[in-house]
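File shown: target24.cif. Contents: mmCIF, C-alpha atoms.
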data_final
loop_
_atom_site.label_atom_id
_atom_site.label_comp_id
_atom_site.auth_asym_id
_atom_site.auth_seq_id
_atom_site.Cartn_x
_atom_site.Cartn_y
_atom_site.Cartn_z
CA THR A 1 0.94 -10.01 -11.50
CA THR A 2 -0.81 -10.50 -8.18
CA LYS A 3 -3.03 -7.79 -6.75
CA ASP A 4 -4.15 -8.71 -3.24
CA ASN A 5 -6.30 -6.01 -1.67
CA SER A 6 -8.81 -5.73 1.16
CA ARG A 7 -6.25 -7.06 3.62
CA ALA A 8 -7.08 -5.89 7.14
CA ALA A 9 -4.23 -3.82 8.58
CA THR A 10 -3.39 -2.97 12.18
CA GLY A 11 -0.36 -1.46 13.84
CA THR A 12 1.31 1.78 14.78
CA LEU A 13 2.76 4.43 12.47
CA GLU A 14 5.55 6.48 14.06
CA VAL A 15 7.04 9.63 12.54
CA GLY A 16 9.48 11.45 14.79
CA THR A 17 7.77 11.88 18.13
CA ARG A 18 4.25 11.40 16.75
CA SER A 19 2.43 8.09 16.47
CA TRP A 20 -0.91 6.89 15.14
CA ASP A 21 -2.73 3.64 15.82
CA ILE A 22 -3.79 2.07 12.54
CA GLY A 23 -7.01 0.07 12.49
CA ALA A 24 -7.70 0.55 16.19
CA ASP A 25 -10.68 2.91 15.91
CA SER A 26 -11.64 2.40 12.26
CA ASP A 27 -11.11 0.13 9.29
CA ALA A 28 -7.65 0.07 7.74
CA TRP A 29 -6.75 -1.89 4.62
CA GLY A 30 -3.58 -2.87 2.81
CA VAL A 31 -2.81 -3.78 -0.81
CA LEU A 32 -0.07 -6.18 -1.89
CA ASP A 33 1.07 -5.69 -5.50
CA VAL A 34 3.55 -8.23 -6.86
CA GLY A 35 4.60 -8.34 -10.49
CA ARG A 36 7.32 -10.33 -12.15
CA GLY A 37 8.19 -11.46 -15.60
CA ARG A 38 9.39 -9.93 -18.84
CA TRP A 39 7.65 -6.66 -19.58
CA PRO A 40 7.68 -5.03 -23.00
CA TYR A 41 10.08 -2.11 -23.40
CA SER A 42 7.16 0.32 -23.66
CA THR A 43 4.02 -0.27 -21.61
CA THR A 44 1.11 1.75 -20.24
CA TRP A 45 -1.41 0.62 -17.66
CA ASN A 46 -4.30 1.70 -15.50
CA TRP A 47 -4.71 0.32 -12.04
CA GLY A 48 -7.21 1.09 -9.33
CA ALA A 49 -8.07 -0.40 -5.96
CA GLY A 50 -10.09 0.43 -2.89
CA THR A 51 -11.69 -1.17 0.13
CA GLY A 52 -14.55 -0.09 2.36
CA HIS A 53 -18.15 -0.72 3.24
CA SER A 54 -21.22 -0.39 1.05
CA THR A 55 -24.07 1.84 2.19
CA THR A 56 -25.75 -1.32 3.53
CA GLY A 57 -22.65 -2.57 5.39
CA GLU A 58 -21.06 -5.20 3.12
CA LEU A 59 -17.26 -5.13 2.83
CA ILE A 60 -16.43 -4.19 -0.77
CA GLY A 61 -13.03 -4.62 -2.41
CA ILE A 62 -12.23 -3.08 -5.79
CA GLN A 63 -9.42 -4.35 -8.06
CA ILE A 64 -9.42 -2.96 -11.59
CA GLY A 65 -6.95 -2.40 -14.39
CA ALA A 66 -6.67 -1.72 -18.10
CA LYS A 67 -4.46 -1.07 -21.10
CA TRP A 68 -1.64 -3.56 -20.60
CA THR A 69 -4.07 -6.52 -20.84
CA GLU A 70 -6.11 -5.26 -23.83
CA GLY A 71 -6.46 -7.88 -26.55
CA THR A 72 -4.97 -10.67 -24.44
CA GLY A 73 -8.25 -12.23 -23.32
CA PHE A 74 -7.23 -11.66 -19.69
CA THR A 75 -8.19 -8.94 -17.21
CA GLU A 76 -7.31 -8.18 -13.61
CA ASN A 77 -10.79 -6.81 -12.89
CA ALA A 78 -12.85 -7.98 -9.93
CA VAL A 79 -14.86 -6.87 -6.95
CA SER A 80 -15.17 -8.72 -3.69
CA VAL A 81 -18.23 -8.64 -1.48
CA ASP A 82 -17.73 -9.80 2.11
CA GLY A 83 -14.60 -11.70 1.04
CA ARG A 84 -16.14 -13.46 -1.98
CA LEU A 85 -14.42 -12.64 -5.27
CA HIS A 86 -16.51 -11.76 -8.32
CA LYS A 87 -14.45 -11.75 -11.53
CA ILE A 88 -15.10 -9.21 -14.31
CA GLY A 89 -13.74 -10.77 -17.50
CA ARG A 90 -14.48 -7.77 -19.70
CA GLU A 91 -12.31 -4.74 -20.36
CA LEU A 92 -13.43 -1.62 -18.48
CA ARG A 93 -13.84 1.87 -19.89
CA TRP A 94 -11.67 4.43 -18.11
CA ASP A 95 -12.59 8.10 -18.61
CA TYR A 96 -10.16 10.76 -17.36
CA ASP A 97 -7.90 13.52 -18.66
CA TRP A 98 -4.14 12.84 -18.47
CA ASP A 99 -3.44 16.56 -18.89
CA ASP A 100 -5.89 17.54 -16.11
CA PRO A 101 -5.82 14.57 -13.71
CA MET A 102 -7.65 16.39 -10.90
CA ARG A 103 -10.85 16.35 -12.96
CA PRO A 104 -13.12 13.46 -11.88
CA TRP A 105 -12.27 10.02 -13.20
CA ARG A 106 -14.87 7.39 -14.08
CA VAL A 107 -14.48 3.64 -14.58
CA VAL A 108 -17.37 1.71 -16.12
CA ASP A 109 -18.11 -1.85 -17.13
CA ASP A 110 -20.37 -1.47 -20.15
CA GLY A 111 -21.64 -5.04 -19.66
CA VAL A 112 -23.12 -7.12 -22.43
CA GLY A 113 -26.82 -6.57 -21.77
CA PRO A 114 -29.33 -4.79 -19.51
CA GLY A 115 -28.51 -5.20 -15.82
CA GLU A 116 -25.11 -6.75 -16.55
CA ARG A 117 -22.94 -3.74 -15.70
CA ALA A 118 -20.59 -5.01 -12.98
CA LEU A 119 -19.48 -1.55 -11.89
CA ASP A 120 -19.85 2.16 -12.46
CA LEU A 121 -17.45 4.06 -10.24
CA THR A 122 -16.05 7.53 -9.82
CA PRO A 123 -12.89 8.02 -7.78
CA PRO A 124 -12.99 11.75 -6.96
CA PRO A 125 -9.34 12.84 -6.92
CA ARG A 126 -8.10 14.36 -3.68
CA LEU A 127 -4.35 14.07 -4.31
CA ASP A 128 -2.30 13.53 -7.46
CA LYS A 129 0.91 11.67 -6.64
CA HIS A 130 2.65 12.59 -9.88
CA GLY A 131 6.03 11.06 -10.54
CA ARG A 132 8.32 11.35 -13.53
CA THR A 133 11.79 10.04 -14.34
CA ASP A 134 13.37 10.69 -17.72
CA ALA A 135 16.75 9.06 -18.32
CA GLY A 136 16.70 9.09 -22.12
CA LEU A 137 15.98 5.52 -23.16
CA LEU A 138 14.44 4.79 -19.76
CA ARG A 139 11.41 6.78 -18.74
CA THR A 140 8.44 6.48 -16.42
CA GLU A 141 5.60 8.85 -15.58
CA VAL A 142 2.56 8.19 -13.42
CA HIS A 143 -0.48 10.06 -12.17
CA GLN A 144 -1.68 8.14 -9.11
CA MET A 145 -4.89 9.68 -7.85
CA PHE A 146 -5.86 9.13 -4.22
CA GLY A 147 -9.40 9.78 -3.09
CA THR A 148 -12.67 8.07 -2.33
CA TRP A 149 -14.62 5.81 -4.65
CA ALA A 150 -18.36 6.28 -5.15
CA GLY A 151 -20.85 4.46 -7.35
CA THR A 152 -22.16 0.92 -7.72
CA VAL A 153 -20.74 -2.58 -7.98
CA ARG A 154 -22.63 -5.74 -8.80
CA ASP A 155 -21.80 -9.32 -7.83
CA GLU A 156 -22.08 -12.36 -10.13
CA LEU A 157 -25.61 -13.05 -8.87
CA GLY A 158 -26.78 -9.57 -9.92
CA ALA A 159 -27.02 -7.98 -6.46
CA GLU A 160 -26.06 -4.30 -6.64
CA PHE A 161 -24.20 -2.46 -3.88
CA ARG A 162 -23.82 1.30 -3.53
CA ILE A 163 -20.56 2.68 -2.21
CA GLU A 164 -19.66 6.18 -1.05
CA GLY A 165 -16.43 7.34 0.53
CA VAL A 166 -14.46 4.13 -0.05
CA GLN A 167 -10.75 4.98 0.24
CA GLY A 168 -8.56 4.03 -2.69
CA PHE A 169 -6.67 5.12 -5.76
CA ALA A 170 -6.63 5.06 -9.55
CA GLU A 171 -3.61 5.55 -11.78
CA GLU A 172 -2.16 5.66 -15.24
CA SER A 173 1.49 4.71 -15.57
CA ARG A 174 3.52 5.14 -18.77
CA ASN A 175 6.85 3.33 -18.93
CA ARG A 176 9.85 2.67 -21.15
CA TRP A 177 12.29 0.29 -19.53
#
Step by step, read the file and then write its structure as structure tokens.
Amino acid sequence: TTKDNSRAATGTLEVGTRSWDIGADSDAWGVLDVGRGRWPYSTTWNWGAGTGHSTTGELIGIQIGAKWTEGTGFTENAVSVDGRLHKIGRELRWDYDWDDPMRPWRVVDDGVGPGERALDLTPPPRLDKHGRTDAGLLRTEVHQMFGTWAGTVRDELGAEFRIEGVQGFAEESRNRW
């Protein structure tokens, strides 16, 4: 799996007779998600990403996940600060309610000691892109919450950055394929 976020995006979006310039007057960011391999028949994951500026101006990228990597010794968790990647090797704690996904979500790195929490973020849900397909043996259901991230991230050197209004998403996806 490759998760490549915080990619500057520019261009024009055209729908019918309307058009919008992307990235001309404000920041616009893209995310590339590539996965390949042999997945288990039944798998569940969390994924979240976002890009924007800290309250002091640094460019912050968020790439976080959970569930499908638990117990493997690997994570896909990291933050980037001004283009420098800071890996989070620990599992994150995701707090949300599958049955009421519009309630606030929270994602926390509990760290291993005082001052070692790499992130504490809340992605306030603005839109639930809920999808479900049930074809008997094959099934998928996802709550993908779009909104703005707020909270703190910390780089590997211990510098803490506050973010508010950083566009992004968080999701849980449940699959049988």
May I have the residues within 7 Å of Val153 of chain A as a list in words, using all atoms listed in the file and disregarding those fewer than 4 positions away in the same chain?
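Listed by chain and then number, they are Ala118, Leu119, Asp120, Glu160, Phe161 and Arg162 of chain A.
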Between A:Gly57, A:Glu171, A:Arg117, A:Trp68, smallest distance to Asp95 of chain A by only C-alpha atoms belongs to A:Glu171
Tell me which protein, DNA and RNA residues are within 9 Å of segment 78-82 of chain A, counting all atoms listed in the file, leaving out same-chain ones fewer than 6 positions away, and put them as a list in words.
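Returned residues: Ser6, Glu58, Leu59, Ile60, Gly61, Ile62, Gln63, Ile64, Ile88, Gly89, Ala118, Leu119, Val153, Arg154, Asp155 and Phe161 of chain A.
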Set the distance at 10 Å and use all atoms listed in the file: which residues neighbour segment 99-111 of chain A once local chain neighbours fewer than 3 positions away are removed? I'd like the list as number ranges by chain.
A: 48, 64-65, 77, 88-96, 114-128, 130, 143-145, 149-153, 170-172
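A straight line drawn from atom CA of Val142 of chain A to atom CA of Asp97 of chain A is 12.9 Å long.
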Provide the atom CA of Gly83 of chain A to atom CA of Asp33 of chain A distance in Å, to one decimal place.
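Answer for the atom CA of Gly83 of chain A to atom CA of Asp33 of chain A separation: 18.0 Å.
Note that atom CA of Leu32 of chain A and atom CA of Gly16 of chain A are 26.1 Å apart.
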Residues near Thr1 of chain A, anyone? I mean within 8 Å using all atoms listed in the file, not counting same-chain ones fewer than 3 positions away, as a PyMOL selection string.
chain A and resi 33-36
Rank A:His53, A:Arg174, A:Arg84, A:Arg18 by their smallest atom-to-atom distance to Thr148 of chain A, using all atoms listed in the file, and report the top residue only.
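Closest residue, counting all atoms listed in the file: A:His53.
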Surrounding residues of Trp29 of chain A excluding itself and chain neighbours under 5 positions, 10 Å, all atoms listed in the file, as a ChimeraX atom specification
/A:5-10,22-23,50-52,61,167-168
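On the file presented, the PyMOL selection byres ((chain A and resi 40) around 10) picks out A:Gly37, A:Arg38, A:Trp39, A:Tyr41, A:Ser42, A:Thr43, A:Thr44, A:Trp68, A:Asn175, A:Arg176, A:Trp177.
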Same residues, C-alpha atoms, saved as a short mmCIF file (atom, residue, chain, number, x, y, z; two decimals), in the coordinates of the input:
data_model
loop_
_atom_site.label_atom_id
_atom_site.label_comp_id
_atom_site.auth_asym_id
_atom_site.auth_seq_id
_atom_site.Cartn_x
_atom_site.Cartn_y
_atom_site.Cartn_z
CA GLY A 37 8.19 -11.46 -15.60
CA ARG A 38 9.39 -9.93 -18.84
CA TRP A 39 7.65 -6.66 -19.58
CA TYR A 41 10.08 -2.11 -23.40
CA SER A 42 7.16 0.32 -23.66
CA THR A 43 4.02 -0.27 -21.61
CA THR A 44 1.11 1.75 -20.24
CA TRP A 68 -1.64 -3.56 -20.60
CA ASN A 175 6.85 3.33 -18.93
CA ARG A 176 9.85 2.67 -21.15
CA TRP A 177 12.29 0.29 -19.53
#
Select, from A:Thr133, A:Glu70, A:Ser54, A:Asn46, the residue with the minimum atom-to-atom distance to Trp98 of chain A, counting only C-alpha atoms.
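Nearest to Trp98 of chain A: A:Asn46.
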